[in-house]
Every structure is written in C-alpha cells, then in structure tokens.
file model_36.txt (compact mmCIF, C-alpha atoms)
# COMPACT_ATOMS: atom_id res chain seq x y z
CA ILE A 1 18.42 -17.77 -6.11
CA ASP A 2 20.41 -16.55 -3.13
CA VAL A 3 23.86 -17.83 -4.05
CA ALA A 4 25.27 -16.65 -0.74
CA SER A 5 22.93 -18.96 1.16
CA LEU A 6 23.93 -22.15 -0.67
CA PRO A 7 25.67 -24.66 1.61
CA VAL A 8 29.42 -25.12 1.19
CA ILE A 9 30.21 -28.82 0.89
CA SER A 10 33.59 -29.85 2.20
CA ILE A 11 35.67 -32.57 0.56
CA ASP A 12 38.15 -34.39 2.80
CA GLY A 13 37.71 -31.67 5.38
CA ALA A 14 38.51 -28.82 2.99
CA ALA A 15 35.97 -26.38 1.59
CA PRO A 16 35.82 -26.22 -2.21
CA PRO A 17 36.77 -22.98 -3.95
CA ALA A 18 34.11 -20.32 -4.27
CA PRO A 19 32.00 -20.43 -7.45
CA THR A 20 33.49 -18.61 -10.40
CA GLY A 21 32.00 -16.92 -13.44
CA PHE A 22 28.53 -15.44 -13.53
CA PHE A 23 27.14 -16.89 -10.30
CA GLY A 24 30.46 -16.44 -8.59
CA LYS A 25 30.16 -12.72 -9.25
CA LEU A 26 26.59 -12.64 -7.94
CA GLY A 27 27.58 -14.68 -4.91
CA GLN A 28 30.38 -12.27 -4.05
CA ILE A 29 27.97 -9.34 -4.25
CA PHE A 30 25.55 -11.11 -1.90
CA ARG A 31 28.32 -11.97 0.58
CA ASP A 32 29.81 -8.47 0.57
CA ASN A 33 26.38 -6.89 0.84
CA ASN A 34 25.31 -9.15 3.72
CA GLN A 35 28.41 -8.16 5.68
CA LYS A 36 27.67 -4.47 5.13
CA ILE A 37 24.01 -4.97 6.11
CA GLN A 38 24.92 -6.80 9.32
CA GLU A 39 27.40 -4.09 10.29
CA ALA A 40 24.86 -1.35 9.54
CA GLN A 41 22.22 -3.13 11.63
CA ARG A 42 24.61 -3.36 14.57
CA THR A 43 25.43 0.34 14.45
CA GLY A 44 22.26 1.95 13.13
CA GLY A 45 19.49 -0.63 13.03
CA ASP A 46 17.25 -1.49 10.10
CA GLN A 47 17.00 2.14 9.00
CA ALA A 48 20.72 2.20 8.31
CA ALA A 49 20.72 -1.21 6.65
CA THR A 50 17.83 -0.63 4.22
CA PRO A 51 19.72 1.63 1.74
CA ILE A 52 22.56 -0.90 1.60
CA ALA A 53 20.17 -3.76 0.86
CA THR A 54 18.50 -1.67 -1.84
CA ALA A 55 21.84 -0.80 -3.45
CA GLY A 56 22.83 -4.47 -3.50
CA ALA A 57 19.57 -5.53 -5.13
CA LEU A 58 19.97 -2.79 -7.76
CA GLU A 59 23.53 -3.95 -8.49
CA VAL A 60 22.37 -7.55 -8.99
CA ALA A 61 19.54 -6.33 -11.21
CA GLU A 62 21.98 -4.40 -13.37
CA ILE A 63 24.10 -7.52 -13.90
CA LEU A 64 21.09 -9.70 -14.68
CA THR A 65 19.78 -7.09 -17.13
CA ALA A 66 23.09 -6.58 -18.93
CA GLN A 67 24.35 -10.16 -19.20
CA ALA A 68 22.94 -13.35 -20.64
CA PRO A 69 25.76 -15.87 -20.21
CA ALA A 70 25.55 -18.81 -22.59
CA ASP A 71 26.62 -21.30 -19.91
CA VAL A 72 23.64 -20.55 -17.63
CA ALA A 73 20.42 -22.48 -18.25
CA PRO A 74 17.56 -20.14 -19.28
CA GLU A 75 15.27 -21.40 -16.52
CA VAL A 76 17.95 -20.68 -13.89
CA LEU A 77 18.43 -17.16 -15.23
CA THR A 78 14.66 -16.63 -15.27
CA ALA A 79 14.38 -17.73 -11.63
CA ALA A 80 17.20 -15.37 -10.65
CA LYS A 81 15.52 -12.44 -12.42
CA ILE A 82 12.14 -13.11 -10.80
CA GLN A 83 13.56 -13.47 -7.29
CA THR A 84 15.55 -10.27 -7.73
CA ALA A 85 12.42 -8.50 -9.00
CA ILE A 86 10.58 -9.61 -5.86
CA MET A 87 13.41 -8.23 -3.68
CA LEU A 88 13.32 -4.93 -5.59
CA ASN A 89 9.55 -4.53 -5.21
CA ARG A 90 9.98 -4.96 -1.47
CA ALA A 91 12.79 -2.38 -1.43
CA GLY A 92 10.92 0.30 -3.38
CA ASN A 93 9.05 3.15 -1.72
CA ASP A 94 7.63 6.59 -2.51
CA ASP A 95 11.00 8.25 -1.86
CA ASP A 96 13.02 5.84 -4.02
CA LYS A 97 11.28 4.33 -7.03
CA ARG A 98 14.45 3.02 -8.68
CA PRO A 99 13.84 -0.51 -7.39
CA TYR A 100 10.41 -0.56 -9.06
CA THR A 101 11.92 0.49 -12.38
CA SER A 102 14.59 -2.21 -12.18
CA SER A 103 12.03 -4.80 -11.13
CA LEU A 104 9.85 -3.94 -14.11
CA ASN A 105 12.82 -4.19 -16.47
CA LEU A 106 13.66 -7.68 -15.20
CA SER A 107 10.01 -8.76 -15.36
CA GLU A 108 9.67 -7.51 -18.92
CA GLN A 109 12.83 -9.38 -19.93
CA VAL A 110 11.27 -12.62 -18.72
CA LEU A 111 7.94 -11.82 -20.37
CA SER A 112 9.60 -11.07 -23.70
CA SER A 113 10.43 -14.78 -24.05
CA ASP A 114 7.66 -16.20 -21.84
CA PRO A 115 4.60 -13.88 -22.13
CA ASP A 116 2.44 -15.95 -19.79
CA ASN A 117 4.97 -16.37 -16.98
CA ARG A 118 2.81 -16.08 -13.88
CA ASP A 119 5.56 -14.90 -11.53
CA ALA A 120 6.87 -12.30 -13.96
CA LEU A 121 3.37 -10.93 -14.52
CA ASN A 122 2.94 -10.62 -10.75
CA THR A 123 6.27 -8.85 -10.26
CA ALA A 124 5.48 -6.57 -13.21
CA ALA A 125 2.11 -5.71 -11.65
CA GLY A 126 3.77 -4.94 -8.32
CA ALA A 127 6.36 -2.71 -9.98
CA GLN A 128 3.75 -0.92 -12.08
CA TYR A 129 1.72 -0.26 -8.94
CA GLY A 130 4.79 1.11 -7.16
CA LEU A 131 5.44 3.43 -10.11
CA GLY A 132 1.87 4.72 -10.02
CA ARG A 133 0.99 3.07 -13.33
CA TYR A 134 -2.26 1.70 -11.97
CA PRO A 135 -4.12 0.75 -15.19
CA GLU A 136 -1.05 -1.22 -16.31
CA ALA A 137 -0.91 -2.95 -12.92
CA VAL A 138 -4.57 -3.92 -13.32
CA ARG A 139 -3.89 -5.36 -16.78
CA SER A 140 -0.89 -7.41 -15.62
CA ALA A 141 -2.69 -8.73 -12.54
CA THR A 142 -5.78 -9.53 -14.61
CA ARG A 143 -3.74 -11.71 -16.96
CA VAL A 144 -2.76 -13.79 -13.93
CA ALA A 145 -6.22 -13.85 -12.36
CA GLU A 146 -7.87 -14.97 -15.60
CA THR A 147 -5.86 -18.20 -15.69
CA HIS A 148 -5.00 -18.69 -12.00
CA LYS A 149 -8.11 -18.16 -9.92
CA ASP A 150 -6.19 -19.08 -6.76
CA ASP A 151 -3.46 -16.43 -7.11
CA GLU A 152 -3.74 -14.29 -4.01
CA ARG A 153 -1.00 -11.90 -5.16
CA ALA A 154 -2.82 -10.97 -8.36
CA TYR A 155 -6.07 -10.13 -6.57
CA THR A 156 -4.25 -8.16 -3.87
CA THR A 157 -2.26 -6.05 -6.33
CA ARG A 158 -5.32 -5.44 -8.48
CA ALA A 159 -7.35 -4.43 -5.43
CA LEU A 160 -4.67 -1.89 -4.49
CA ALA A 161 -4.55 -0.49 -8.03
CA TYR A 162 -8.34 -0.26 -8.31
CA TYR A 163 -8.45 1.57 -4.99
CA GLN A 164 -5.94 4.16 -6.22
CA MET A 165 -8.05 4.54 -9.37
CA LYS A 166 -11.10 5.20 -7.14
CA GLU A 167 -12.80 2.09 -8.52
CA TYR A 168 -13.92 1.14 -5.05
CA ALA A 169 -16.40 -1.61 -5.96
CA GLN A 170 -13.75 -3.51 -7.92
CA ALA A 171 -11.18 -2.90 -5.18
CA TYR A 172 -13.56 -4.31 -2.58
CA GLU A 173 -14.44 -7.33 -4.73
CA ASP A 174 -10.79 -8.20 -5.35
CA SER A 175 -9.85 -7.70 -1.71
CA GLN A 176 -12.62 -10.07 -0.70
CA HIS A 177 -11.41 -12.63 -3.22
CA ALA A 178 -7.86 -12.36 -1.82
CA LEU A 179 -9.19 -12.76 1.74
CA ALA A 180 -11.14 -15.85 0.72
CA LEU A 181 -7.85 -17.35 -0.43
CA ASN A 182 -5.96 -16.16 2.65
CA PRO A 183 -7.91 -14.75 5.62
CA ASN A 184 -4.63 -13.46 7.09
CA ASN A 185 -3.87 -11.18 4.14
CA GLU A 186 -3.43 -7.89 6.00
CA THR A 187 -3.13 -5.77 2.84
CA ALA A 188 -6.37 -7.14 1.41
CA PHE A 189 -8.07 -6.60 4.76
CA GLN A 190 -7.04 -2.94 4.83
CA VAL A 191 -8.17 -2.35 1.24
CA SER A 192 -11.49 -4.02 2.00
CA LYS A 193 -12.01 -1.88 5.10
CA LEU A 194 -11.19 1.34 3.23
CA ALA A 195 -13.06 0.56 0.01
CA LYS A 196 -16.37 -0.70 1.41
CA PRO A 197 -17.67 2.63 2.84
CA ARG A 198 -16.63 4.44 -0.32
CA ILE A 199 -18.59 2.28 -2.75
CA THR A 200 -21.97 3.96 -2.21
CA THR A 201 -20.48 7.44 -2.07
CA ALA A 202 -18.56 6.96 -5.31
CA SER A 203 -21.60 5.48 -7.05
CA ASP A 204 -23.77 8.39 -5.90
CA LEU A 205 -21.22 10.90 -7.20
CA LYS A 206 -21.09 9.20 -10.61
CA LEU A 207 -24.90 9.10 -10.77
CA ASP A 208 -25.15 12.78 -9.79
CA ALA A 209 -22.59 13.74 -12.45
CA ALA A 210 -24.50 11.75 -15.08
CA GLN A 211 -27.77 13.39 -14.10
CA LYS A 212 -26.23 16.87 -14.30
CA HIS A 213 -24.77 16.09 -17.71
CA ALA A 214 -28.15 14.84 -18.96
CA ALA A 215 -29.85 18.01 -17.70
call {"tool": "encode", "arguments": {"input": "model_36.txt", "output": "structure tokens"}}
result
Amino acid sequence: IDVASLPVISIDGAAPPAPTGFFGKLGQIFRDNNQKIQEAQRTGGDQAATPIATAGALEVAEILTAQAPADVAPEVLTAAKIQTAIMLNRAGNDDDKRPYTSSLNLSEQVLSSDPDNRDALNTAAGAQYGLGRYPEAVRSATRVAETHKDDERAYTTRALAYYQMKEYAQAYEDSQHALALNPNNETAFQVSKLAKPRITTASDLKLDAAQKHAA
C-alpha cells in the first residue's frame, strides 16, 4: 500500500490534513524518500538513487515489524507487509542482503497467523533464494505450486533454486511450466536455456559416481 500515491481529495477547494498515526508515519517516510530519490536521480542517476530506495524500504519494514497498531485492520497490515516484502526482494542483491532478511521477517510474520498465505509464501521463497537458502526456497515455492498450479512466480523461483542446487532436470521442468503460463517470462527462459544442456551431463556424472561406488 503506497500511502504516498493515494489521491488527496479537496473539500471546498482546500486539501484535507495529511493522515496521522500509523499510516501517516508511513506516508511521511514515502514522501520524504521519494523526494530524496528524485533528487538523487537528477544528480547521479539510478545508481545514486538505489541505496536511498533500499534504505526507505528497510525503514518501512522495521516499522511494520515492530508495531501492530490496534486501530489498523489485520488484512490492511498484511497487505502492507507483503507489498513491502516485494519491494525488499527487488532491492536485495549479492552485495547487500539486508533487504532479503527483512523481507523474510515480514513474510514469516504474515505466515505465523496465515500459514497458507500465497503471497507471503512467494515473498518468503524469493527472500530465501536471495539469502542462498535454496532448499527452503524450494519448500516455500512448492507449497504454493501444490495448491495454485497457475502461479508463475512459484515455478520461476523454484526453477532458480533447483538450478543453484544443480538439480537441472527439475529446474528445466519448472522453467518450462513457468513459460507455459507466461511465454514472456525472461527469467524462466534463461533458466531453461542454461539448465537443458546440463541435464544429461549431470545425470551421467551421478551415474558414474554410483557405478564407482558400487565397484
């Protein structure tokens, strides 16, 4: 829920006061952060703006993790946590894994009260993948895929995790499933292209190792 993007409705030509309380605080963070991002983009481009966007998302995550205001409906708070987790997964990278950790914390908070929440399982899988916890990412994505056969995100994340685990046949199968759901899925296409030639090689290596062990 991007509070900063909500329209301001005027009454008799005058804008109402800014929201107060919990969402007022979040809204102020978004507004301040957007100003800093725009200024950074003007002076240094996206490279300069990215750390600012990441810091803002981490600040929002900290507030959402620490507070559970009684006057905010649970479903609204859940939506805010999931959208922030999505932002954090996009912000994370190999040099800065803090966003993945925060995303996983938010996802696990949602799952603690709603264990089958599809969006939270997907954000958890993405964060686990970013943190290099590939078997956990497979398990989270599998819980989605088992009940939502049309969830492109689950198959894509699981394909990525399987590839990192050198389970190339499973990676290829999941990437193909994701492409069947969305032929324009560039990530699934890349995994498919990389995994396919490795399937036979990996299988041959496993067979050779088994034969040597038997001998």
call {"tool": "residues_around", "arguments": {"input": "model_36.txt", "residues": "Gln38 (chain A)", "least_positions_apart": "4", "cutoff": "12 Å", "atoms": "all atoms listed in the file", "output": "NGL selection string"}}
result
:A and (31-34 or 42-50 or 52-53)
call {"tool": "residues_near_point", "arguments": {"input": "model_36.txt", "point": "(-14.9, 3.2, -5.7)", "cutoff": "7 Å", "atoms": "all atoms listed in the file", "output": "ChimeraX atom specification"}}
result
/A:163,166-169,195,198-199,202
call {"tool": "write_last_selection", "arguments": {"input": "model_36.txt", "atoms": "C-alpha atoms", "output": "CSV table (one decimal), in the coordinates of the input"}}
result
chain,number,residue,atom,x,y,z
A,163,TYR,CA,-8.4,1.6,-5.0
A,166,LYS,CA,-11.1,5.2,-7.1
A,167,GLU,CA,-12.8,2.1,-8.5
A,168,TYR,CA,-13.9,1.1,-5.0
A,169,ALA,CA,-16.4,-1.6,-6.0
A,195,ALA,CA,-13.1,0.6,0.0
A,198,ARG,CA,-16.6,4.4,-0.3
A,199,ILE,CA,-18.6,2.3,-2.8
A,202,ALA,CA,-18.6,7.0,-5.3
call {"tool": "closest_residue", "arguments": {"input": "model_36.txt", "among": "A:Ala188, A:Val76, A:Leu131, A:Ala180", "to": "Thr156 (chain A)", "atoms": "all atoms listed in the file"}}
result
A:Ala188
call {"tool": "closest_residue", "arguments": {"input": "model_36.txt", "among": "A:Pro135, A:Gly56, A:Pro197, A:Gly126", "to": "Ile82 (chain A)", "atoms": "all atoms listed in the file"}}
result
A:Gly126
call {"tool": "atom_distance", "arguments": {"input": "model_36.txt", "atom1": "CA of Val144 (chain A)", "atom2": "CA of Ala127 (chain A)"}}
result
14.9 Å
call {"tool": "atom_distance", "arguments": {"input": "model_36.txt", "atom1": "CA of Leu77 (chain A)", "atom2": "CA of Pro99 (chain A)"}}
result
19.0 Å
call {"tool": "atom_distance", "arguments": {"input": "model_36.txt", "atom1": "CA of Ala161 (chain A)", "atom2": "CA of Tyr134 (chain A)"}}
result
5.1 Å
call {"tool": "residues_around", "arguments": {"input": "model_36.txt", "residues": "Asn105 (chain A)", "least_positions_apart": "2", "cutoff": "12 Å", "atoms": "only C-alpha atoms", "output": "VMD selection string"}}
result
chain A and resid 58 61 to 62 64 to 66 81 to 82 84 to 85 88 to 89 98 to 103 107 to 112 120 to 121 123 to 125 127 to 128
call {"tool": "closest_residue", "arguments": {"input": "model_36.txt", "among": "A:Ile29, A:Ile37, A:Ala159, A:Leu194", "to": "Ile63 (chain A)", "atoms": "all atoms listed in the file"}}
result
A:Ile29
call {"tool": "closest_residue", "arguments": {"input": "model_36.txt", "among": "A:Ser113, A:Asn93, A:Gln170, A:Thr187", "to": "Arg153 (chain A)", "atoms": "all atoms listed in the file"}}
result
A:Thr187
call {"tool": "decode", "arguments": {"input": "model_36.txt", "residues": "region 168-180 of chain A", "atoms": "all heavy atoms", "output": "tab-separated table (two decimals), in the first residue's frame"}}
result
chain	number	residue	atom	x	y	z
A	168	TYR	N	19.27	-29.97	-12.29
A	168	TYR	CA	18.97	-29.32	-13.58
A	168	TYR	C	17.68	-29.82	-14.22
A	168	TYR	O	16.97	-29.04	-14.88
A	168	TYR	CB	20.16	-29.50	-14.53
A	168	TYR	CG	21.43	-28.88	-14.01
A	168	TYR	CD1	22.57	-29.66	-13.80
A	168	TYR	CD2	21.49	-27.52	-13.70
A	168	TYR	CE1	23.74	-29.10	-13.30
A	168	TYR	CE2	22.66	-26.95	-13.21
A	168	TYR	CZ	23.77	-27.74	-13.01
A	168	TYR	OH	24.92	-27.19	-12.51
A	169	ALA	N	17.35	-31.08	-14.05
A	169	ALA	CA	16.12	-31.61	-14.64
A	169	ALA	C	14.90	-30.92	-14.02
A	169	ALA	O	13.97	-30.51	-14.73
A	169	ALA	CB	16.03	-33.12	-14.44
A	170	GLN	N	14.91	-30.78	-12.69
A	170	GLN	CA	13.79	-30.11	-12.02
A	170	GLN	C	13.74	-28.63	-12.39
A	170	GLN	O	12.67	-28.06	-12.56
A	170	GLN	CB	13.91	-30.27	-10.50
A	170	GLN	CG	13.68	-31.68	-10.01
A	170	GLN	CD	14.99	-32.45	-9.86
A	170	GLN	OE1	15.92	-32.28	-10.68
A	170	GLN	NE2	15.08	-33.28	-8.84
A	171	ALA	N	14.93	-28.01	-12.50
A	171	ALA	CA	14.99	-26.60	-12.89
A	171	ALA	C	14.39	-26.40	-14.27
A	171	ALA	O	13.61	-25.47	-14.51
A	171	ALA	CB	16.43	-26.09	-12.84
A	172	TYR	N	14.75	-27.29	-15.18
A	172	TYR	CA	14.23	-27.19	-16.55
A	172	TYR	C	12.72	-27.41	-16.57
A	172	TYR	O	11.98	-26.67	-17.23
A	172	TYR	CB	14.93	-28.22	-17.44
A	172	TYR	CG	14.45	-28.19	-18.87
A	172	TYR	CD1	14.83	-27.17	-19.73
A	172	TYR	CD2	13.59	-29.17	-19.36
A	172	TYR	CE1	14.38	-27.13	-21.04
A	172	TYR	CE2	13.13	-29.15	-20.67
A	172	TYR	CZ	13.53	-28.12	-21.50
A	172	TYR	OH	13.08	-28.09	-22.80
A	173	GLU	N	12.25	-28.40	-15.84
A	173	GLU	CA	10.81	-28.69	-15.81
A	173	GLU	C	10.02	-27.50	-15.28
A	173	GLU	O	9.00	-27.11	-15.85
A	173	GLU	CB	10.56	-29.93	-14.95
A	173	GLU	CG	9.09	-30.33	-14.89
A	173	GLU	CD	8.86	-31.56	-14.04
A	173	GLU	OE1	9.86	-32.23	-13.65
A	173	GLU	OE2	7.69	-31.86	-13.73
A	174	ASP	N	10.50	-26.91	-14.18
A	174	ASP	CA	9.78	-25.77	-13.61
A	174	ASP	C	9.85	-24.55	-14.52
A	174	ASP	O	8.88	-23.79	-14.63
A	174	ASP	CB	10.35	-25.43	-12.23
A	174	ASP	CG	9.74	-26.27	-11.12
A	174	ASP	OD1	8.74	-26.97	-11.38
A	174	ASP	OD2	10.26	-26.23	-10.00
A	175	SER	N	10.99	-24.34	-15.16
A	175	SER	CA	11.10	-23.20	-16.07
A	175	SER	C	10.15	-23.35	-17.25
A	175	SER	O	9.54	-22.38	-17.71
A	175	SER	CB	12.54	-23.03	-16.55
A	175	SER	OG	12.95	-24.13	-17.36
A	176	GLN	N	9.98	-24.58	-17.72
A	176	GLN	CA	9.05	-24.82	-18.81
A	176	GLN	C	7.61	-24.59	-18.37
A	176	GLN	O	6.79	-24.07	-19.12
A	176	GLN	CB	9.21	-26.26	-19.32
A	176	GLN	CG	10.49	-26.49	-20.11
A	176	GLN	CD	10.54	-25.67	-21.38
A	176	GLN	OE1	9.74	-25.85	-22.29
A	176	GLN	NE2	11.48	-24.73	-21.44
A	177	HIS	N	7.32	-24.98	-17.14
A	177	HIS	CA	5.97	-24.76	-16.60
A	177	HIS	C	5.69	-23.25	-16.50
A	177	HIS	O	4.61	-22.79	-16.86
A	177	HIS	CB	5.84	-25.42	-15.23
A	177	HIS	CG	4.43	-25.68	-14.82
A	177	HIS	ND1	4.00	-26.85	-14.25
A	177	HIS	CD2	3.31	-24.92	-14.91
A	177	HIS	CE1	2.72	-26.80	-14.01
A	177	HIS	NE2	2.27	-25.63	-14.40
A	178	ALA	N	6.68	-22.49	-16.01
A	178	ALA	CA	6.52	-21.04	-15.91
A	178	ALA	C	6.33	-20.41	-17.28
A	178	ALA	O	5.50	-19.50	-17.46
A	178	ALA	CB	7.72	-20.43	-15.20
A	179	LEU	N	7.07	-20.90	-18.28
A	179	LEU	CA	6.96	-20.36	-19.64
A	179	LEU	C	5.62	-20.71	-20.27
A	179	LEU	O	5.09	-19.94	-21.08
A	179	LEU	CB	8.11	-20.88	-20.51
A	179	LEU	CG	9.47	-20.25	-20.24
A	179	LEU	CD1	10.58	-21.04	-20.93
A	179	LEU	CD2	9.48	-18.79	-20.70
A	180	ALA	N	5.06	-21.85	-19.90
A	180	ALA	CA	3.74	-22.21	-20.41
A	180	ALA	C	2.68	-21.24	-19.88
A	180	ALA	O	1.71	-20.93	-20.57
A	180	ALA	CB	3.39	-23.64	-20.00
